[in-house]
Structure formats: structure tokens, C-alpha cells
>>> print(open('entry-v9.cif').read())   # mmCIF, C-alpha atoms
data_final
loop_
_atom_site.group_PDB
_atom_site.id
_atom_site.type_symbol
_atom_site.label_atom_id
_atom_site.label_comp_id
_atom_site.auth_asym_id
_atom_site.auth_seq_id
_atom_site.Cartn_x
_atom_site.Cartn_y
_atom_site.Cartn_z
ATOM 1 C CA MET A 1 110.009 147.611 43.719
ATOM 2 C CA ALA A 2 109.981 150.786 41.625
ATOM 3 C CA GLU A 3 113.763 150.594 41.331
ATOM 4 C CA ASP A 4 113.548 146.964 40.175
ATOM 5 C CA ALA A 5 110.975 147.894 37.564
ATOM 6 C CA ASP A 6 113.138 150.791 36.363
ATOM 7 C CA ARG A 7 116.152 148.483 36.166
ATOM 8 C CA ARG A 8 114.246 145.877 34.154
ATOM 9 C CA ASP A 9 112.901 148.559 31.834
ATOM 10 C CA ARG A 10 116.373 150.030 31.271
ATOM 11 C CA LEU A 11 117.789 146.576 30.620
ATOM 12 C CA ALA A 12 115.064 145.773 28.097
ATOM 13 C CA ARG A 13 115.545 149.092 26.286
ATOM 14 C CA ALA A 14 119.324 148.625 26.147
ATOM 15 C CA LYS A 15 118.966 145.141 24.677
ATOM 16 C CA ALA A 16 116.408 146.404 22.161
ATOM 17 C CA ALA A 17 118.825 149.137 21.073
ATOM 18 C CA LEU A 18 121.645 146.636 20.591
ATOM 19 C CA GLU A 19 119.341 144.394 18.563
ATOM 20 C CA ILE A 20 118.668 147.113 15.962
ATOM 21 C CA ASP A 21 119.620 145.721 12.529
ATOM 22 C CA ALA A 22 121.344 142.747 14.186
ATOM 23 C CA SER A 23 121.434 139.210 12.811
ATOM 24 C CA PRO A 24 119.457 136.425 14.533
ATOM 25 C CA GLU A 25 122.749 135.035 15.881
ATOM 26 C CA ALA A 26 123.680 138.428 17.350
ATOM 27 C CA ARG A 27 120.215 138.798 18.912
ATOM 28 C CA ALA A 28 120.715 135.455 20.635
ATOM 29 C CA ARG A 29 124.138 136.550 21.934
ATOM 30 C CA ILE A 30 122.627 139.808 23.246
ATOM 31 C CA LYS A 31 119.851 137.976 25.081
ATOM 32 C CA ALA A 32 122.292 135.489 26.620
ATOM 33 C CA GLY A 33 125.391 137.594 27.198
ATOM 34 C CA TYR A 34 124.577 141.278 27.633
ATOM 35 C CA GLU A 35 124.446 141.261 31.438
ATOM 36 C CA ALA A 36 127.742 139.341 31.691
ATOM 37 C CA LEU A 37 129.424 141.847 29.374
ATOM 38 C CA CYS A 38 128.167 144.746 31.499
ATOM 39 C CA VAL A 39 129.547 143.138 34.667
ATOM 40 C CA ASP A 40 132.883 142.515 32.934
ATOM 41 C CA LEU A 41 133.221 146.103 31.702
ATOM 42 C CA VAL A 42 132.252 147.749 34.985
ATOM 43 C CA SER A 43 134.300 145.329 37.102
ATOM 44 C CA ALA A 44 137.424 146.031 35.047
ATOM 45 C CA TRP A 45 136.916 149.743 35.691
ATOM 46 C CA VAL A 46 136.224 149.303 39.440
ATOM 47 C CA LEU A 47 139.345 147.161 39.876
ATOM 48 C CA GLY A 48 141.490 149.633 37.974
ATOM 49 C CA GLU A 49 142.337 147.074 35.308
ATOM 50 C CA LYS A 50 141.270 149.469 32.575
ATOM 51 C CA ARG A 51 140.861 153.223 32.976
ATOM 52 C CA PHE A 52 140.389 155.825 30.280
ATOM 53 C CA GLU A 53 141.725 159.334 29.795
ATOM 54 C CA SER A 54 138.510 160.533 28.148
ATOM 55 C CA GLN A 55 134.923 159.553 27.518
ATOM 56 C CA GLY A 56 135.871 159.140 23.863
ATOM 57 C CA GLN A 57 138.411 156.431 24.700
ATOM 58 C CA GLN A 58 135.865 154.671 26.883
ATOM 59 C CA ALA A 59 133.211 154.806 24.153
ATOM 60 C CA GLU A 60 135.637 153.378 21.596
ATOM 61 C CA ASP A 61 136.670 150.544 23.903
ATOM 62 C CA TRP A 62 133.187 149.643 25.108
ATOM 63 C CA ILE A 63 131.647 149.740 21.621
ATOM 64 C CA ALA A 64 134.520 147.585 20.370
ATOM 65 C CA ARG A 65 133.805 145.091 23.155
ATOM 66 C CA CYS A 66 130.124 145.046 22.164
ATOM 67 C CA TYR A 67 131.110 144.221 18.602
ATOM 68 C CA GLU A 68 133.551 141.534 19.688
ATOM 69 C CA ALA A 69 131.191 139.876 22.186
ATOM 70 C CA LEU A 70 127.731 140.497 20.734
ATOM 71 C CA HIS A 71 127.998 141.573 17.087
ATOM 72 C CA SER A 72 130.929 139.407 16.075
ATOM 73 C CA ASP A 73 129.378 138.589 12.683
ATOM 74 C CA GLU A 74 129.484 142.183 11.436
ATOM 75 C CA GLN A 75 131.954 145.034 11.083
ATOM 76 C CA PRO A 76 131.721 148.448 12.783
ATOM 77 C CA ASP A 77 129.239 150.530 10.808
ATOM 78 C CA ALA A 78 128.392 154.195 11.420
ATOM 79 C CA ALA A 79 124.655 153.814 10.806
ATOM 80 C CA ARG A 80 124.343 150.962 13.309
ATOM 81 C CA ILE A 81 126.524 152.720 15.915
ATOM 82 C CA TYR A 82 124.351 155.824 15.493
ATOM 83 C CA ALA A 83 121.147 153.828 15.970
ATOM 84 C CA ARG A 84 122.306 151.538 18.774
ATOM 85 C CA PHE A 85 124.373 153.810 21.015
ATOM 86 C CA GLN A 86 122.508 157.147 20.841
ATOM 87 C CA LEU A 87 125.478 158.981 19.340
ATOM 88 C CA GLY A 88 125.452 161.817 16.826
ATOM 89 C CA LEU A 89 126.146 160.719 13.264
ATOM 90 C CA PRO A 90 129.524 162.539 12.958
ATOM 91 C CA ARG A 91 130.675 160.885 16.200
ATOM 92 C CA ALA A 92 129.388 157.503 15.012
ATOM 93 C CA GLN A 93 131.234 157.902 11.699
ATOM 94 C CA TYR A 94 134.450 158.771 13.544
ATOM 95 C CA LEU A 95 134.166 155.765 15.866
ATOM 96 C CA ALA A 96 133.374 153.415 12.976
ATOM 97 C CA ARG A 97 136.526 154.571 11.138
ATOM 98 C CA LEU A 98 138.571 154.251 14.317
ATOM 99 C CA LEU A 99 137.347 150.738 15.033
ATOM 100 C CA ARG A 100 137.812 149.567 11.444
ATOM 101 C CA ALA A 101 141.384 150.867 11.575
ATOM 102 C CA ARG A 102 142.088 148.119 14.109
ATOM 103 C CA ARG A 103 141.642 145.687 11.202
ATOM 104 C CA SER A 104 140.302 143.015 13.530
ATOM 105 C CA ALA A 105 140.392 139.627 11.849
ATOM 106 C CA GLN A 106 136.699 139.010 12.535
ATOM 107 C CA TRP A 107 135.707 142.423 11.157
ATOM 108 C CA ARG A 108 137.786 141.890 8.045
ATOM 109 C CA ALA A 109 136.160 138.491 7.559
ATOM 110 C CA ALA A 110 132.718 140.121 7.821
ATOM 111 C CA ALA A 111 133.781 142.774 5.291
ATOM 112 C CA ARG A 112 135.059 140.141 2.856
ATOM 113 C CA ALA A 113 131.821 138.182 3.205
ATOM 114 C CA GLU A 114 129.860 141.329 2.365
ATOM 115 C CA LEU A 115 132.133 141.942 -0.627
ATOM 116 C CA ARG A 116 131.601 138.408 -1.894
ATOM 117 C CA GLN A 117 127.820 138.725 -1.614
ATOM 118 C CA ALA A 118 127.819 142.025 -3.530
ATOM 119 C CA LEU A 119 129.979 140.638 -6.338
ATOM 120 C CA GLN A 120 127.950 137.443 -6.557
ATOM 121 C CA ARG A 121 124.765 139.443 -7.161
ATOM 122 C CA ALA A 122 126.277 140.494 -10.498
ATOM 123 C CA GLU A 123 128.122 137.235 -11.234
ATOM 124 C CA THR A 124 125.540 135.648 -13.537
ATOM 125 C CA MET A 125 125.199 138.768 -15.666
ATOM 126 C CA SER A 126 128.992 139.155 -15.701
ATOM 127 C CA ARG A 127 129.428 135.634 -17.071
ATOM 128 C CA GLU A 128 126.769 136.314 -19.688
ATOM 129 C CA ALA A 129 128.634 139.467 -20.727
ATOM 130 C CA ALA A 130 131.899 137.514 -20.922
ATOM 131 C CA ALA A 131 130.257 134.875 -23.137
ATOM 132 C CA VAL A 132 129.441 137.493 -25.779
ATOM 133 C CA GLY A 133 132.751 139.353 -25.514
ATOM 134 C CA ARG A 134 131.458 142.308 -23.471
ATOM 135 C CA ALA A 135 133.195 141.648 -20.153
ATOM 136 C CA GLN A 136 135.528 144.642 -20.489
ATOM 137 C CA ILE A 137 132.772 147.144 -21.311
ATOM 138 C CA GLN A 138 129.758 145.890 -19.349
ATOM 139 C CA ARG A 139 129.657 147.775 -16.037
ATOM 140 C CA PHE A 140 127.585 147.382 -12.887
ATOM 141 C CA ASP A 141 126.826 149.911 -10.147
ATOM 142 C CA LEU A 142 127.240 148.324 -6.704
ATOM 143 C CA SER A 143 127.472 149.552 -3.123
ATOM 144 C CA LEU A 144 129.409 148.408 -0.065
ATOM 145 C CA SER A 145 129.990 149.532 3.487
ATOM 146 C CA ARG A 146 133.194 151.490 4.022
ATOM 147 C CA GLY A 147 134.992 148.494 5.476
ATOM 148 C CA ALA A 148 133.942 146.187 2.645
ATOM 149 C CA TYR A 149 135.014 148.776 0.069
ATOM 150 C CA ASP A 150 138.456 148.879 1.731
ATOM 151 C CA GLU A 151 138.637 145.107 1.241
ATOM 152 C CA LEU A 152 137.630 145.568 -2.409
ATOM 153 C CA VAL A 153 140.499 148.004 -2.967
ATOM 154 C CA VAL A 154 143.016 145.682 -1.259
ATOM 155 C CA LEU A 155 141.787 142.675 -3.258
ATOM 156 C CA TYR A 156 141.835 144.558 -6.558
ATOM 157 C CA ASP A 157 145.417 145.760 -5.959
ATOM 158 C CA ALA A 158 146.495 142.171 -5.279
ATOM 159 C CA VAL A 159 144.767 140.902 -8.428
ATOM 160 C CA ALA A 160 146.087 143.704 -10.636
ATOM 161 C CA SER A 161 149.665 143.410 -9.368
ATOM 162 C CA ALA A 162 149.666 139.670 -10.151
ATOM 163 C CA VAL A 163 148.916 140.283 -13.837
ATOM 164 C CA THR A 164 152.049 140.146 -15.970
ATOM 165 C CA GLY A 165 152.314 140.300 -19.711
ATOM 166 C CA GLY A 166 148.628 141.107 -20.205
ATOM 167 C CA ASP A 167 145.900 143.629 -19.641
ATOM 168 C CA ARG A 168 144.898 144.236 -16.052
ATOM 169 C CA PRO A 169 141.176 144.351 -15.286
ATOM 170 C CA ALA A 170 139.832 147.900 -14.989
ATOM 171 C CA PRO A 171 139.808 149.295 -11.441
ATOM 172 C CA PRO A 172 136.498 150.050 -9.705
ATOM 173 C CA THR A 173 135.356 153.637 -10.234
ATOM 174 C CA LYS A 174 134.067 155.348 -7.117
ATOM 175 C CA ARG A 175 130.717 157.157 -7.372
ATOM 176 C CA PRO A 176 129.153 159.866 -5.176
ATOM 177 C CA SER A 177 128.367 158.050 -1.930
ATOM 178 C CA SER A 178 126.624 158.396 1.415
ATOM 179 C CA PRO A 179 128.416 158.689 4.768
ATOM 180 C CA THR A 180 127.980 154.956 5.437
ATOM 181 C CA LEU A 181 127.922 153.391 1.952
ATOM 182 C CA THR A 182 130.384 153.567 -0.923
ATOM 183 C CA TRP A 183 128.921 153.308 -4.439
ATOM 184 C CA PHE A 184 131.143 152.291 -7.331
ATOM 185 C CA SER A 185 131.083 151.138 -10.943
ATOM 186 C CA ILE A 186 132.887 147.941 -11.868
ATOM 187 C CA THR A 187 133.304 145.916 -15.063
ATOM 188 C CA ALA A 188 132.126 142.342 -15.516
ATOM 189 C CA GLU A 189 135.723 141.304 -16.168
ATOM 190 C CA THR A 190 136.870 142.752 -12.847
ATOM 191 C CA ILE A 191 133.984 141.148 -10.954
ATOM 192 C CA LEU A 192 134.914 137.703 -12.257
ATOM 193 C CA ALA A 193 138.614 138.238 -11.552
ATOM 194 C CA LEU A 194 137.887 139.334 -7.969
ATOM 195 C CA LEU A 195 135.526 136.429 -7.317
ATOM 196 C CA ASP A 196 138.227 133.995 -8.463
ATOM 197 C CA ALA A 197 140.718 135.626 -6.098
ATOM 198 C CA LEU A 198 138.559 135.883 -2.978
ATOM 199 C CA PRO A 199 139.984 134.002 0.024
ATOM 200 C CA GLU A 200 138.509 130.554 0.542
ATOM 201 C CA GLU A 201 137.095 131.594 3.933
ATOM 202 C CA THR A 202 134.590 133.894 2.204
ATOM 203 C CA LYS A 203 133.386 131.323 -0.346
ATOM 204 C CA PRO A 204 130.308 129.180 0.275
#
>>> encode(input="entry-v9.cif", output="C-alpha cells")
Amino acid sequence: MAEDADRRDRLARAKAALEIDASPEARARIKAGYEALCVDLVSAWVLGEKRFESQGQQAEDWIARCYEALHSDEQPDAARIYARFQLGLPRAQYLARLLRARRSAQWRAAARAELRQALQRAETMSREAAAVGRAQIQRFDLSLSRGAYDELVVLYDAVASAVTGGDRPAPPTKRPSSPTLTWFSITAETILALLDALPEETKP
């Protein structure tokens, strides 16, 4: 009985940790699918289908599986990994970079959605600046996760390289940032150009 109670308590605490800063959809997936994911991960190890040369490799793989199965609507983020998986912040930052380097389609989609939301927060003021001829000089300070900032850089390069015979919009200017967030300054003109160029999948 005591073992059953301990098991239930450990299960509840693990689910609560995974639910930290998670969306309602992710919380529902955790409640419904956490036990099945655990069985899948351990069974693959027992059967020798997937073995690891180090604990670091195992942590990377298992955290990636958690993101794919439970947190599929977000990208790997150091702050959330730190909070959910009881890892030190430097280790969490390393794993977040490693996982983002996989460039998973779902993580990139989450990053682009975050980018769109950040740009849209300044869209109205950007259009007002453009209406009075201040789009090239009016700047906004915004912040993004590391993965979303990577998408910003890729999108800006694509927009800027497509401009021929005219002035390219000014590039974003990186500001002093935190380990998990990138702050930058960006002109109204660039915001509007990037919003026009965002992939259709990230538009409402």
C-alpha cells in the first residue's frame, strides 16, 4: 500500500512538473499520455531498441520525446527545461540549443508563431508611423525566445535578399539579452516587411 501511495505521489509530482508553463492543450496531453510515453521509453531501452552512450544522450532524447509527444505546441526553451526537468540552468541552456539545432518542423512552426505574435504587437503603431513617413526611423524594442529570434534572422535575410533596385529594410539590432530571451530593436518598416513575408501557416 505504501509503495502504491509513493508511486501515485511520484506520478502526480512528475505530471505537475511537466505542466509548468504549459498550454492547456499540453496539460491535456500530459494527463492523457504521460504514462504511455513512460512505458514506451522504458520498453525501448529494455528491448535494446535504443541505448545511449551517456546520460547526456539519454536526457537529450527523452526530453525531445517529451516535447514531441506532450509539448508539441512549443519549442525547446531553457527556462522551461530548467523548471520541468530539475536540471541546472547551464545544462538546460545546452540541451535547449541542442534540441533546437534539430530544426524540427513543429518546433520551427512554434517559433514562427511566436515571431508573428511579437511583430503583430507593434503592427498598429508601425502602420501609424508609416502613414506619417516615419517607418524608417521609428523603432520598437521587442523580445523573443532564442529559437524565434533565429527564425527572425532567417526571415529578414530572405526579405532583404529579395529587394532589388531599392533600399532594404534595416536589420534588427540585437540588445543585451538574458540566457533565454533575445532583445532587439527593429524599425516599423522592417516589422511591416516581415509580417508581409511570414509563411501562411503562421498567419491567423
>>> closest_residue(input="entry-v9.cif", among="A:Ala129, A:Leu18, A:Ile186, A:Ala122", to="A:Pro171", atoms="all atoms listed in the file")
A:Ile186
>>> atom_distance(input="entry-v9.cif", atom1="atom CA of A:Ile137", atom2="atom CA of A:Thr187")
6.4 Å
>>> atom_distance(input="entry-v9.cif", atom1="atom CA of A:Thr190", atom2="atom CA of A:Ala113")
17.4 Å
>>> atom_distance(input="entry-v9.cif", atom1="atom CA of A:Lys15", atom2="atom CA of A:Leu98")
24.0 Å
>>> closest_residue(input="entry-v9.cif", among="A:Cys38, A:Ala26, A:Leu192, A:Ala92", to="A:Gly56", atoms="only C-alpha atoms")
A:Ala92
>>> closest_residue(input="entry-v9.cif", among="A:Arg65, A:Ala12, A:Leu142, A:Phe85", to="A:Gln120", atoms="all atoms listed in the file")
A:Leu142
>>> resolve_selection(input="entry-v9.cif", expression="the PyMOL selection byres ((chain A and resi 115) around 10)", output="list in words")
Ala109, Ala110, Ala111, Arg112, Ala113, Glu114, Arg116, Gln117, Ala118, Leu119, Gln120, Ser143, Leu144, Ser145, Gly147, Ala148, Tyr149, Asp150, Glu151, Leu152, Leu194, Leu195, Leu198 and Thr202 of chain A
>>> residues_near_point(input="entry-v9.cif", point="(126.4, 140.3, 29.4)", cutoff="12 Å", atoms="all atoms listed in the file", output="list in words")
Leu11, Ala14, Lys15, Leu18, Ala28, Arg29, Ile30, Lys31, Ala32, Gly33, Tyr34, Glu35, Ala36, Leu37, Cys38, Val39, Asp40, Leu41, Val42, Arg65, Cys66, Ala69 and Leu70 of chain A
>>> closest_residue(input="entry-v9.cif", among="A:Ala101, A:Leu47, A:Val153, A:Ala188", to="A:Ala131", atoms="only C-alpha atoms")
A:Ala188
>>> resolve_selection(input="entry-v9.cif", expression="the PyMOL selection byres ((chain A and resi 167-169) around 8)", output="number ranges by chain")
A: 136, 160, 163-166, 170-171, 189-190, 193
>>> resolve_selection(input="entry-v9.cif", expression="the PyMOL selection byres ((chain A and resi 106) around 8)", output="list of chain:residue names")
A:Ser72, A:Asp73, A:Glu74, A:Gln75, A:Ser104, A:Ala105, A:Trp107, A:Arg108, A:Ala109, A:Ala110
>>> axis_aligned_box(input="entry-v9.cif", around="stretch 182-186 of chain A", padding_each_side="6 Å", output="AutoDock Vina command-line options")
--center_x 130.9 --center_y 150.8 --center_z -6.4 --size_x 16.0 --size_y 17.6 --size_z 22.9
>>> closest_residue(input="entry-v9.cif", among="A:Thr180, A:Arg175, A:Asp77, A:Tyr156", to="A:Asp196", atoms="all atoms listed in the file")
A:Tyr156
